[in-house]
Amino acid sequence: MSGNEKREPLIQVQNLGKSFGNIEVLKDITVDIYKGDVVFVVGPSGSGKSTFLRCLNRLEEPTKGHIYFEGTDITDPKTDIDKHRQKMGMVFQQFNLLESKTVYHNIALPLILAKTPKVEIDKKVKEVLKIVELEDKKDTYISQLSGGQKQRVGIARALTTDPELLLCDEATSALDPVSYTHLRA
């Protein structure tokens, strides 16, 4: 990129606020995040970190402010948020996996919902299973996995769509040190 070109933010947050009743959880957050950036949100329990992440893909509706993703105001009620969520991966703190389904089905779910051809689904699921080192658990039900294995399934699911933006809510909290080190690489 030459010195004359201006980088456009992948996501822009302008004066974001979120209240639950009269409790203000987020107040006037403004930040630009560029493709390739790694941003950490640090704070004590209950400080609004999860709420902030959930607002970024509108799983929580902000009370005020705007969020622009790839230049589109995703806080505009007319915006098809599902179209933009397809470019966002989310790793949840509490896993949010379907316990009665297999590892394969949980990882494939975003691709199934996007009506991706089965052959592509199989290829992508194999690829991400290798990344998270769970190839041998493909046909195992989520209810039979340890907490760390469930976390790795959540990470794999978030990676299946090759997201432009990956939102991680304490994504490594349930991982053992070896798995944490491997996934960071």
# chains A, B, ... in the order shown; residues from 1 in each chain; ligands from 1
call {"tool": "residues_around", "arguments": {"residues": "His66 of chain A", "least_positions_apart": "4", "cutoff": "7 Å", "atoms": "only C-alpha atoms", "output": "list of chain:residue names"}}
result
A:Val13, A:Gln14, A:Asn15, A:Leu16, A:Asp73, A:Thr75
call {"tool": "write_last_selection", "arguments": {"atoms": "all heavy atoms", "output": "PDB file, in the first residue's frame"}}
result
ATOM      1  N   VAL A  13     -16.934   1.678  15.360  1.00  0.00           N
ATOM      2  CA  VAL A  13     -17.921   1.820  16.436  1.00  0.00           C
ATOM      3  C   VAL A  13     -17.931   3.291  16.814  1.00  0.00           C
ATOM      4  O   VAL A  13     -16.887   3.871  17.099  1.00  0.00           O
ATOM      5  CB  VAL A  13     -17.534   0.950  17.652  1.00  0.00           C
ATOM      6  CG1 VAL A  13     -18.543   1.106  18.776  1.00  0.00           C
ATOM      7  CG2 VAL A  13     -17.379  -0.515  17.240  1.00  0.00           C
ATOM      8  N   GLN A  14     -19.127   3.893  16.779  1.00  0.00           N
ATOM      9  CA  GLN A  14     -19.240   5.321  17.071  1.00  0.00           C
ATOM     10  C   GLN A  14     -20.253   5.559  18.180  1.00  0.00           C
ATOM     11  O   GLN A  14     -21.434   5.273  18.024  1.00  0.00           O
ATOM     12  CB  GLN A  14     -19.665   6.093  15.815  1.00  0.00           C
ATOM     13  CG  GLN A  14     -18.662   6.000  14.696  1.00  0.00           C
ATOM     14  CD  GLN A  14     -19.144   6.703  13.434  1.00  0.00           C
ATOM     15  OE1 GLN A  14     -20.307   7.036  13.291  1.00  0.00           O
ATOM     16  NE2 GLN A  14     -18.220   6.924  12.506  1.00  0.00           N
ATOM     17  N   ASN A  15     -19.762   6.059  19.301  1.00  0.00           N
ATOM     18  CA  ASN A  15     -20.592   6.440  20.446  1.00  0.00           C
ATOM     19  C   ASN A  15     -21.562   5.339  20.876  1.00  0.00           C
ATOM     20  O   ASN A  15     -22.709   5.611  21.219  1.00  0.00           O
ATOM     21  CB  ASN A  15     -21.365   7.726  20.145  1.00  0.00           C
ATOM     22  CG  ASN A  15     -20.421   8.861  19.812  1.00  0.00           C
ATOM     23  OD1 ASN A  15     -20.167   9.125  18.640  1.00  0.00           O
ATOM     24  ND2 ASN A  15     -19.879   9.509  20.825  1.00  0.00           N
ATOM     25  N   LEU A  16     -21.075   4.114  20.891  1.00  0.00           N
ATOM     26  CA  LEU A  16     -21.910   2.965  21.235  1.00  0.00           C
ATOM     27  C   LEU A  16     -22.301   3.005  22.706  1.00  0.00           C
ATOM     28  O   LEU A  16     -21.472   3.235  23.581  1.00  0.00           O
ATOM     29  CB  LEU A  16     -21.150   1.665  20.948  1.00  0.00           C
ATOM     30  CG  LEU A  16     -21.929   0.373  21.176  1.00  0.00           C
ATOM     31  CD1 LEU A  16     -23.035   0.233  20.142  1.00  0.00           C
ATOM     32  CD2 LEU A  16     -20.997  -0.821  21.120  1.00  0.00           C
ATOM     33  N   ASP A  73     -23.835   0.507   7.866  1.00  0.00           N
ATOM     34  CA  ASP A  73     -24.350   0.721   9.219  1.00  0.00           C
ATOM     35  C   ASP A  73     -25.212  -0.472   9.613  1.00  0.00           C
ATOM     36  O   ASP A  73     -26.369  -0.573   9.200  1.00  0.00           O
ATOM     37  CB  ASP A  73     -25.157   2.022   9.284  1.00  0.00           C
ATOM     38  CG  ASP A  73     -25.657   2.351  10.683  1.00  0.00           C
ATOM     39  OD1 ASP A  73     -25.460   1.537  11.607  1.00  0.00           O
ATOM     40  OD2 ASP A  73     -26.247   3.433  10.854  1.00  0.00           O
ATOM     41  N   THR A  75     -26.322  -1.116  12.469  1.00  0.00           N
ATOM     42  CA  THR A  75     -27.310  -0.768  13.495  1.00  0.00           C
ATOM     43  C   THR A  75     -28.583  -0.214  12.858  1.00  0.00           C
ATOM     44  O   THR A  75     -29.579  -0.033  13.550  1.00  0.00           O
ATOM     45  CB  THR A  75     -26.736   0.253  14.502  1.00  0.00           C
ATOM     46  OG1 THR A  75     -26.169   1.352  13.797  1.00  0.00           O
ATOM     47  CG2 THR A  75     -25.682  -0.390  15.386  1.00  0.00           C
TER      48      THR A  75
END
call {"tool": "select_by_dssp", "arguments": {"residues": "segment 45-131 of chain A", "states": "helix (DSSP H, G or I)", "output": "tab-separated table (two decimals) with N, CA, C and O atoms, in the first residue's frame"}}
result
chain	number	residue	atom	x	y	z
A	49	LYS	N	-17.71	-6.50	28.76
A	49	LYS	CA	-16.92	-7.05	27.65
A	49	LYS	C	-17.79	-7.92	26.74
A	49	LYS	O	-17.79	-7.74	25.51
A	50	SER	N	-18.53	-8.85	27.30
A	50	SER	CA	-19.38	-9.74	26.50
A	50	SER	C	-20.49	-8.95	25.81
A	50	SER	O	-20.82	-9.20	24.65
A	51	THR	N	-21.06	-7.99	26.51
A	51	THR	CA	-22.12	-7.16	25.93
A	51	THR	C	-21.58	-6.40	24.72
A	51	THR	O	-22.24	-6.32	23.67
A	52	PHE	N	-20.37	-5.87	24.83
A	52	PHE	CA	-19.75	-5.15	23.72
A	52	PHE	C	-19.60	-6.07	22.51
A	52	PHE	O	-19.98	-5.73	21.39
A	53	LEU	N	-19.05	-7.27	22.72
A	53	LEU	CA	-18.88	-8.21	21.61
A	53	LEU	C	-20.22	-8.59	20.99
A	53	LEU	O	-20.34	-8.68	19.77
A	54	ARG	N	-21.21	-8.81	21.82
A	54	ARG	CA	-22.53	-9.19	21.32
A	54	ARG	C	-23.20	-8.03	20.57
A	54	ARG	O	-23.98	-8.27	19.65
A	55	CYS	N	-22.88	-6.82	20.92
A	55	CYS	CA	-23.38	-5.66	20.16
A	55	CYS	C	-22.74	-5.59	18.78
A	55	CYS	O	-23.38	-5.17	17.81
A	56	LEU	N	-21.47	-5.98	18.69
A	56	LEU	CA	-20.75	-5.87	17.41
A	56	LEU	C	-21.39	-6.70	16.30
A	56	LEU	O	-21.26	-6.36	15.13
A	81	ILE	N	-28.92	-8.00	8.81
A	81	ILE	CA	-27.82	-8.35	9.70
A	81	ILE	C	-27.32	-9.77	9.44
A	81	ILE	O	-26.13	-10.05	9.58
A	82	ASP	N	-28.21	-10.67	9.03
A	82	ASP	CA	-27.78	-12.04	8.77
A	82	ASP	C	-26.75	-12.10	7.64
A	82	ASP	O	-25.82	-12.90	7.67
A	83	LYS	N	-26.90	-11.25	6.64
A	83	LYS	CA	-25.93	-11.18	5.54
A	83	LYS	C	-24.55	-10.80	6.08
A	83	LYS	O	-23.54	-11.38	5.67
A	84	HIS	N	-24.50	-9.89	7.02
A	84	HIS	CA	-23.22	-9.45	7.58
A	84	HIS	C	-22.68	-10.44	8.60
A	84	HIS	O	-21.47	-10.61	8.72
A	85	ARG	N	-23.57	-11.10	9.33
A	85	ARG	CA	-23.12	-12.10	10.30
A	85	ARG	C	-22.41	-13.26	9.62
A	85	ARG	O	-21.59	-13.93	10.24
A	103	VAL	N	-20.13	-33.50	16.85
A	103	VAL	CA	-19.13	-32.47	16.60
A	103	VAL	C	-19.25	-32.00	15.16
A	103	VAL	O	-19.28	-30.80	14.88
A	104	TYR	N	-19.34	-32.95	14.23
A	104	TYR	CA	-19.45	-32.61	12.80
A	104	TYR	C	-20.63	-31.67	12.57
A	104	TYR	O	-20.48	-30.63	11.92
A	105	HIS	N	-21.80	-32.02	13.06
A	105	HIS	CA	-23.00	-31.22	12.82
A	105	HIS	C	-22.85	-29.81	13.42
A	105	HIS	O	-23.24	-28.83	12.79
A	106	ASN	N	-22.31	-29.71	14.61
A	106	ASN	CA	-22.13	-28.40	15.25
A	106	ASN	C	-21.19	-27.51	14.43
A	106	ASN	O	-21.44	-26.32	14.26
A	107	ILE	N	-20.11	-28.09	13.93
A	107	ILE	CA	-19.16	-27.31	13.14
A	107	ILE	C	-19.75	-26.94	11.79
A	107	ILE	O	-19.57	-25.83	11.29
A	108	ALA	N	-20.49	-27.87	11.19
A	108	ALA	CA	-21.07	-27.66	9.86
A	108	ALA	C	-22.26	-26.70	9.87
A	108	ALA	O	-22.61	-26.16	8.82
A	109	LEU	N	-22.85	-26.47	11.02
A	109	LEU	CA	-24.11	-25.73	11.08
A	109	LEU	C	-24.12	-24.40	10.32
A	109	LEU	O	-25.05	-24.15	9.54
A	110	PRO	N	-23.13	-23.51	10.48
A	110	PRO	CA	-23.17	-22.26	9.72
A	110	PRO	C	-23.17	-22.49	8.21
A	110	PRO	O	-23.81	-21.74	7.46
A	111	LEU	N	-22.48	-23.51	7.76
A	111	LEU	CA	-22.43	-23.82	6.33
A	111	LEU	C	-23.74	-24.43	5.85
A	111	LEU	O	-24.20	-24.15	4.74
A	112	ILE	N	-24.35	-25.26	6.69
A	112	ILE	CA	-25.65	-25.84	6.37
A	112	ILE	C	-26.68	-24.72	6.22
A	112	ILE	O	-27.45	-24.69	5.26
A	113	LEU	N	-26.67	-23.79	7.17
A	113	LEU	CA	-27.62	-22.67	7.12
A	113	LEU	C	-27.39	-21.78	5.90
A	113	LEU	O	-28.33	-21.18	5.37
A	118	LYS	N	-22.75	-30.00	0.07
A	118	LYS	CA	-22.26	-30.98	1.03
A	118	LYS	C	-20.78	-31.27	0.87
A	118	LYS	O	-20.05	-31.40	1.85
A	119	VAL	N	-20.30	-31.35	-0.35
A	119	VAL	CA	-18.89	-31.66	-0.60
A	119	VAL	C	-18.00	-30.56	-0.02
A	119	VAL	O	-16.95	-30.85	0.57
A	120	GLU	N	-18.41	-29.30	-0.12
A	120	GLU	CA	-17.65	-28.18	0.45
A	120	GLU	C	-17.72	-28.20	1.97
A	120	GLU	O	-16.74	-27.88	2.64
A	121	ILE	N	-18.90	-28.56	2.50
A	121	ILE	CA	-19.05	-28.66	3.96
A	121	ILE	C	-18.09	-29.69	4.50
A	121	ILE	O	-17.35	-29.44	5.45
A	122	ASP	N	-18.08	-30.88	3.88
A	122	ASP	CA	-17.18	-31.95	4.34
A	122	ASP	C	-15.72	-31.51	4.32
A	122	ASP	O	-14.98	-31.75	5.27
A	123	LYS	N	-15.32	-30.84	3.25
A	123	LYS	CA	-13.94	-30.38	3.12
A	123	LYS	C	-13.59	-29.38	4.21
A	123	LYS	O	-12.55	-29.48	4.86
A	124	LYS	N	-14.46	-28.40	4.44
A	124	LYS	CA	-14.19	-27.36	5.42
A	124	LYS	C	-14.19	-27.92	6.84
A	124	LYS	O	-13.35	-27.55	7.66
A	125	VAL	N	-15.14	-28.79	7.15
A	125	VAL	CA	-15.20	-29.39	8.49
A	125	VAL	C	-13.92	-30.18	8.77
A	125	VAL	O	-13.34	-30.07	9.85
A	126	LYS	N	-13.45	-30.97	7.79
A	126	LYS	CA	-12.20	-31.71	7.95
A	126	LYS	C	-11.04	-30.76	8.23
A	126	LYS	O	-10.20	-31.01	9.09
A	127	GLU	N	-11.01	-29.66	7.47
A	127	GLU	CA	-9.92	-28.68	7.61
A	127	GLU	C	-9.88	-28.07	9.02
A	127	GLU	O	-8.83	-28.02	9.64
A	128	VAL	N	-11.04	-27.65	9.53
A	128	VAL	CA	-11.04	-27.00	10.85
A	128	VAL	C	-10.89	-28.02	11.97
A	128	VAL	O	-10.32	-27.69	13.01
A	129	LEU	N	-11.37	-29.24	11.77
A	129	LEU	CA	-11.14	-30.29	12.77
A	129	LEU	C	-9.65	-30.55	12.96
A	129	LEU	O	-9.19	-30.77	14.07
A	130	LYS	N	-8.90	-30.48	11.86
A	130	LYS	CA	-7.45	-30.67	11.93
A	130	LYS	C	-6.81	-29.52	12.71
A	130	LYS	O	-5.95	-29.73	13.55
A	131	ILE	N	-7.27	-28.29	12.45
A	131	ILE	CA	-6.72	-27.12	13.13
A	131	ILE	C	-6.88	-27.24	14.65
A	131	ILE	O	-5.97	-26.95	15.40
call {"tool": "atom_distance", "arguments": {"atom1": "atom CA of Glu61 of chain A", "atom2": "atom CA of Ser19 of chain A"}}
result
9.6 Å
call {"tool": "closest_residue", "arguments": {"among": "A:Gly65, A:Gly48, A:Gly148, A:Gly154", "to": "Val91 of chain A", "atoms": "only C-alpha atoms"}}
result
A:Gly154
call {"tool": "residues_around", "arguments": {"residues": "Lys87 of chain A", "least_positions_apart": "5", "cutoff": "10 Å", "atoms": "only C-alpha atoms", "output": "PDB file with N, CA, C and O atoms, in the first residue's frame"}}
result
ATOM      1  N   ASN A  57     -22.072  -7.792  16.656  1.00  0.00           N
ATOM      2  CA  ASN A  57     -22.781  -8.548  15.619  1.00  0.00           C
ATOM      3  C   ASN A  57     -24.296  -8.539  15.850  1.00  0.00           C
ATOM      4  O   ASN A  57     -25.023  -9.328  15.297  1.00  0.00           O
ATOM      5  N   PHE A  69     -19.882  -2.030   9.629  1.00  0.00           N
ATOM      6  CA  PHE A  69     -19.091  -3.200   9.258  1.00  0.00           C
ATOM      7  C   PHE A  69     -18.890  -3.160   7.758  1.00  0.00           C
ATOM      8  O   PHE A  69     -19.863  -3.137   7.005  1.00  0.00           O
ATOM      9  N   GLU A  70     -17.643  -3.082   7.335  1.00  0.00           N
ATOM     10  CA  GLU A  70     -17.299  -2.933   5.918  1.00  0.00           C
ATOM     11  C   GLU A  70     -18.071  -1.774   5.282  1.00  0.00           C
ATOM     12  O   GLU A  70     -18.548  -1.859   4.159  1.00  0.00           O
ATOM     13  N   ASP A  82     -28.206 -10.668   9.026  1.00  0.00           N
ATOM     14  CA  ASP A  82     -27.777 -12.042   8.766  1.00  0.00           C
ATOM     15  C   ASP A  82     -26.749 -12.100   7.637  1.00  0.00           C
ATOM     16  O   ASP A  82     -25.820 -12.897   7.674  1.00  0.00           O
ATOM     17  N   THR A 161     -16.540 -20.438   8.216  1.00  0.00           N
ATOM     18  CA  THR A 161     -16.964 -19.506   7.163  1.00  0.00           C
ATOM     19  C   THR A 161     -15.857 -18.558   6.728  1.00  0.00           C
ATOM     20  O   THR A 161     -16.114 -17.621   5.969  1.00  0.00           O
ATOM     21  N   ASP A 162     -14.624 -18.803   7.200  1.00  0.00           N
ATOM     22  CA  ASP A 162     -13.504 -17.904   6.898  1.00  0.00           C
ATOM     23  C   ASP A 162     -13.906 -16.454   7.149  1.00  0.00           C
ATOM     24  O   ASP A 162     -13.901 -15.621   6.243  1.00  0.00           O
ATOM     25  N   PRO A 163     -14.276 -16.136   8.392  1.00  0.00           N
ATOM     26  CA  PRO A 163     -14.848 -14.818   8.685  1.00  0.00           C
ATOM     27  C   PRO A 163     -13.862 -13.663   8.488  1.00  0.00           C
ATOM     28  O   PRO A 163     -12.658 -13.829   8.673  1.00  0.00           O
ATOM     29  N   GLU A 164     -14.403 -12.531   8.108  1.00  0.00           N
ATOM     30  CA  GLU A 164     -13.621 -11.300   8.019  1.00  0.00           C
ATOM     31  C   GLU A 164     -13.322 -10.785   9.425  1.00  0.00           C
ATOM     32  O   GLU A 164     -12.327 -10.119   9.645  1.00  0.00           O
ATOM     33  N   LEU A 165     -14.238 -11.059  10.361  1.00  0.00           N
ATOM     34  CA  LEU A 165     -14.133 -10.594  11.738  1.00  0.00           C
ATOM     35  C   LEU A 165     -14.404 -11.785  12.650  1.00  0.00           C
ATOM     36  O   LEU A 165     -15.403 -12.483  12.492  1.00  0.00           O
ATOM     37  N   LEU A 166     -13.505 -12.033  13.585  1.00  0.00           N
ATOM     38  CA  LEU A 166     -13.686 -13.119  14.542  1.00  0.00           C
ATOM     39  C   LEU A 166     -13.810 -12.511  15.930  1.00  0.00           C
ATOM     40  O   LEU A 166     -12.889 -11.868  16.426  1.00  0.00           O
TER      41      LEU A 166
END
call {"tool": "decode", "arguments": {"residues": "segment 74-106 of chain A", "atoms": "N, CA, C and O atoms", "output": "PDB file, in the first residue's frame"}}
result
ATOM      1  N   ILE A  74     -24.638  -1.384  10.375  1.00  0.00           N
ATOM      2  CA  ILE A  74     -25.393  -2.586  10.754  1.00  0.00           C
ATOM      3  C   ILE A  74     -26.357  -2.329  11.909  1.00  0.00           C
ATOM      4  O   ILE A  74     -27.118  -3.219  12.278  1.00  0.00           O
ATOM      5  N   THR A  75     -26.322  -1.116  12.469  1.00  0.00           N
ATOM      6  CA  THR A  75     -27.310  -0.768  13.495  1.00  0.00           C
ATOM      7  C   THR A  75     -28.583  -0.214  12.858  1.00  0.00           C
ATOM      8  O   THR A  75     -29.579  -0.033  13.550  1.00  0.00           O
ATOM      9  N   ASP A  76     -28.553   0.020  11.565  1.00  0.00           N
ATOM     10  CA  ASP A  76     -29.739   0.478  10.848  1.00  0.00           C
ATOM     11  C   ASP A  76     -30.720  -0.690  10.765  1.00  0.00           C
ATOM     12  O   ASP A  76     -30.371  -1.769  10.278  1.00  0.00           O
ATOM     13  N   PRO A  77     -31.966  -0.495  11.243  1.00  0.00           N
ATOM     14  CA  PRO A  77     -32.943  -1.595  11.222  1.00  0.00           C
ATOM     15  C   PRO A  77     -33.208  -2.159   9.820  1.00  0.00           C
ATOM     16  O   PRO A  77     -33.653  -3.294   9.682  1.00  0.00           O
ATOM     17  N   LYS A  78     -32.921  -1.396   8.783  1.00  0.00           N
ATOM     18  CA  LYS A  78     -33.147  -1.858   7.406  1.00  0.00           C
ATOM     19  C   LYS A  78     -32.031  -2.791   6.920  1.00  0.00           C
ATOM     20  O   LYS A  78     -32.170  -3.450   5.905  1.00  0.00           O
ATOM     21  N   THR A  79     -30.922  -2.831   7.648  1.00  0.00           N
ATOM     22  CA  THR A  79     -29.787  -3.657   7.242  1.00  0.00           C
ATOM     23  C   THR A  79     -30.089  -5.129   7.513  1.00  0.00           C
ATOM     24  O   THR A  79     -30.582  -5.490   8.581  1.00  0.00           O
ATOM     25  N   ASP A  80     -29.806  -5.972   6.532  1.00  0.00           N
ATOM     26  CA  ASP A  80     -29.950  -7.426   6.687  1.00  0.00           C
ATOM     27  C   ASP A  80     -28.758  -7.928   7.502  1.00  0.00           C
ATOM     28  O   ASP A  80     -27.698  -8.227   6.955  1.00  0.00           O
ATOM     29  N   ILE A  81     -28.921  -7.995   8.808  1.00  0.00           N
ATOM     30  CA  ILE A  81     -27.822  -8.350   9.703  1.00  0.00           C
ATOM     31  C   ILE A  81     -27.321  -9.766   9.440  1.00  0.00           C
ATOM     32  O   ILE A  81     -26.128 -10.047   9.582  1.00  0.00           O
ATOM     33  N   ASP A  82     -28.206 -10.668   9.026  1.00  0.00           N
ATOM     34  CA  ASP A  82     -27.777 -12.042   8.766  1.00  0.00           C
ATOM     35  C   ASP A  82     -26.749 -12.100   7.637  1.00  0.00           C
ATOM     36  O   ASP A  82     -25.820 -12.897   7.674  1.00  0.00           O
ATOM     37  N   LYS A  83     -26.898 -11.246   6.644  1.00  0.00           N
ATOM     38  CA  LYS A  83     -25.932 -11.175   5.536  1.00  0.00           C
ATOM     39  C   LYS A  83     -24.546 -10.804   6.079  1.00  0.00           C
ATOM     40  O   LYS A  83     -23.539 -11.376   5.672  1.00  0.00           O
ATOM     41  N   HIS A  84     -24.499  -9.887   7.016  1.00  0.00           N
ATOM     42  CA  HIS A  84     -23.222  -9.446   7.581  1.00  0.00           C
ATOM     43  C   HIS A  84     -22.680 -10.436   8.601  1.00  0.00           C
ATOM     44  O   HIS A  84     -21.467 -10.615   8.715  1.00  0.00           O
ATOM     45  N   ARG A  85     -23.568 -11.095   9.327  1.00  0.00           N
ATOM     46  CA  ARG A  85     -23.118 -12.103  10.301  1.00  0.00           C
ATOM     47  C   ARG A  85     -22.408 -13.261   9.622  1.00  0.00           C
ATOM     48  O   ARG A  85     -21.591 -13.930  10.237  1.00  0.00           O
ATOM     49  N   GLN A  86     -22.718 -13.514   8.353  1.00  0.00           N
ATOM     50  CA  GLN A  86     -22.050 -14.589   7.621  1.00  0.00           C
ATOM     51  C   GLN A  86     -20.557 -14.305   7.469  1.00  0.00           C
ATOM     52  O   GLN A  86     -19.775 -15.210   7.209  1.00  0.00           O
ATOM     53  N   LYS A  87     -20.163 -13.048   7.632  1.00  0.00           N
ATOM     54  CA  LYS A  87     -18.756 -12.664   7.528  1.00  0.00           C
ATOM     55  C   LYS A  87     -18.122 -12.486   8.906  1.00  0.00           C
ATOM     56  O   LYS A  87     -17.002 -12.014   9.013  1.00  0.00           O
ATOM     57  N   MET A  88     -18.885 -12.835   9.952  1.00  0.00           N
ATOM     58  CA  MET A  88     -18.401 -12.696  11.320  1.00  0.00           C
ATOM     59  C   MET A  88     -18.454 -14.060  12.003  1.00  0.00           C
ATOM     60  O   MET A  88     -19.457 -14.748  11.938  1.00  0.00           O
ATOM     61  N   GLY A  89     -17.375 -14.423  12.641  1.00  0.00           N
ATOM     62  CA  GLY A  89     -17.377 -15.628  13.450  1.00  0.00           C
ATOM     63  C   GLY A  89     -17.481 -15.224  14.911  1.00  0.00           C
ATOM     64  O   GLY A  89     -16.975 -14.181  15.308  1.00  0.00           O
ATOM     65  N   MET A  90     -18.149 -16.049  15.699  1.00  0.00           N
ATOM     66  CA  MET A  90     -18.303 -15.743  17.124  1.00  0.00           C
ATOM     67  C   MET A  90     -18.009 -16.994  17.930  1.00  0.00           C
ATOM     68  O   MET A  90     -18.593 -18.045  17.681  1.00  0.00           O
ATOM     69  N   VAL A  91     -17.064 -16.872  18.854  1.00  0.00           N
ATOM     70  CA  VAL A  91     -16.766 -17.948  19.788  1.00  0.00           C
ATOM     71  C   VAL A  91     -17.314 -17.502  21.132  1.00  0.00           C
ATOM     72  O   VAL A  91     -16.885 -16.491  21.677  1.00  0.00           O
ATOM     73  N   PHE A  92     -18.287 -18.241  21.631  1.00  0.00           N
ATOM     74  CA  PHE A  92     -18.987 -17.858  22.847  1.00  0.00           C
ATOM     75  C   PHE A  92     -18.293 -18.392  24.092  1.00  0.00           C
ATOM     76  O   PHE A  92     -17.724 -19.488  24.078  1.00  0.00           O
ATOM     77  N   GLN A  93     -18.401 -17.635  25.157  1.00  0.00           N
ATOM     78  CA  GLN A  93     -17.844 -18.038  26.444  1.00  0.00           C
ATOM     79  C   GLN A  93     -18.514 -19.321  26.952  1.00  0.00           C
ATOM     80  O   GLN A  93     -17.873 -20.177  27.529  1.00  0.00           O
ATOM     81  N   GLN A  94     -19.798 -19.451  26.718  1.00  0.00           N
ATOM     82  CA  GLN A  94     -20.556 -20.603  27.221  1.00  0.00           C
ATOM     83  C   GLN A  94     -20.789 -21.670  26.149  1.00  0.00           C
ATOM     84  O   GLN A  94     -21.747 -22.409  26.225  1.00  0.00           O
ATOM     85  N   PHE A  95     -19.953 -21.702  25.118  1.00  0.00           N
ATOM     86  CA  PHE A  95     -19.940 -22.689  24.037  1.00  0.00           C
ATOM     87  C   PHE A  95     -21.103 -22.541  23.051  1.00  0.00           C
ATOM     88  O   PHE A  95     -20.897 -22.523  21.862  1.00  0.00           O
ATOM     89  N   ASN A  96     -22.372 -22.513  23.527  1.00  0.00           N
ATOM     90  CA  ASN A  96     -23.558 -22.427  22.665  1.00  0.00           C
ATOM     91  C   ASN A  96     -23.554 -23.510  21.583  1.00  0.00           C
ATOM     92  O   ASN A  96     -23.792 -23.241  20.414  1.00  0.00           O
ATOM     93  N   LEU A  97     -23.306 -24.725  21.998  1.00  0.00           N
ATOM     94  CA  LEU A  97     -23.307 -25.868  21.091  1.00  0.00           C
ATOM     95  C   LEU A  97     -24.580 -26.678  21.288  1.00  0.00           C
ATOM     96  O   LEU A  97     -25.216 -26.606  22.340  1.00  0.00           O
ATOM     97  N   LEU A  98     -24.932 -27.456  20.270  1.00  0.00           N
ATOM     98  CA  LEU A  98     -26.098 -28.324  20.350  1.00  0.00           C
ATOM     99  C   LEU A  98     -25.653 -29.659  20.938  1.00  0.00           C
ATOM    100  O   LEU A  98     -25.019 -30.477  20.267  1.00  0.00           O
ATOM    101  N   GLU A  99     -25.961 -29.868  22.215  1.00  0.00           N
ATOM    102  CA  GLU A  99     -25.487 -31.041  22.958  1.00  0.00           C
ATOM    103  C   GLU A  99     -25.936 -32.362  22.344  1.00  0.00           C
ATOM    104  O   GLU A  99     -25.237 -33.361  22.443  1.00  0.00           O
ATOM    105  N   SER A 100     -27.097 -32.381  21.710  1.00  0.00           N
ATOM    106  CA  SER A 100     -27.643 -33.633  21.167  1.00  0.00           C
ATOM    107  C   SER A 100     -27.170 -33.921  19.746  1.00  0.00           C
ATOM    108  O   SER A 100     -27.620 -34.886  19.137  1.00  0.00           O
ATOM    109  N   LYS A 101     -26.253 -33.093  19.250  1.00  0.00           N
ATOM    110  CA  LYS A 101     -25.715 -33.284  17.893  1.00  0.00           C
ATOM    111  C   LYS A 101     -24.229 -33.628  17.967  1.00  0.00           C
ATOM    112  O   LYS A 101     -23.568 -33.416  18.972  1.00  0.00           O
ATOM    113  N   THR A 102     -23.713 -34.126  16.868  1.00  0.00           N
ATOM    114  CA  THR A 102     -22.303 -34.504  16.813  1.00  0.00           C
ATOM    115  C   THR A 102     -21.412 -33.276  16.627  1.00  0.00           C
ATOM    116  O   THR A 102     -21.879 -32.189  16.263  1.00  0.00           O
ATOM    117  N   VAL A 103     -20.134 -33.503  16.847  1.00  0.00           N
ATOM    118  CA  VAL A 103     -19.132 -32.470  16.602  1.00  0.00           C
ATOM    119  C   VAL A 103     -19.251 -31.996  15.157  1.00  0.00           C
ATOM    120  O   VAL A 103     -19.280 -30.796  14.881  1.00  0.00           O
ATOM    121  N   TYR A 104     -19.340 -32.950  14.231  1.00  0.00           N
ATOM    122  CA  TYR A 104     -19.447 -32.612  12.804  1.00  0.00           C
ATOM    123  C   TYR A 104     -20.625 -31.668  12.566  1.00  0.00           C
ATOM    124  O   TYR A 104     -20.478 -30.635  11.916  1.00  0.00           O
ATOM    125  N   HIS A 105     -21.799 -32.024  13.060  1.00  0.00           N
ATOM    126  CA  HIS A 105     -22.998 -31.216  12.820  1.00  0.00           C
ATOM    127  C   HIS A 105     -22.850 -29.812  13.417  1.00  0.00           C
ATOM    128  O   HIS A 105     -23.238 -28.825  12.787  1.00  0.00           O
ATOM    129  N   ASN A 106     -22.308 -29.708  14.606  1.00  0.00           N
ATOM    130  CA  ASN A 106     -22.127 -28.404  15.247  1.00  0.00           C
ATOM    131  C   ASN A 106     -21.189 -27.515  14.434  1.00  0.00           C
ATOM    132  O   ASN A 106     -21.441 -26.324  14.265  1.00  0.00           O
TER     133      ASN A 106
END
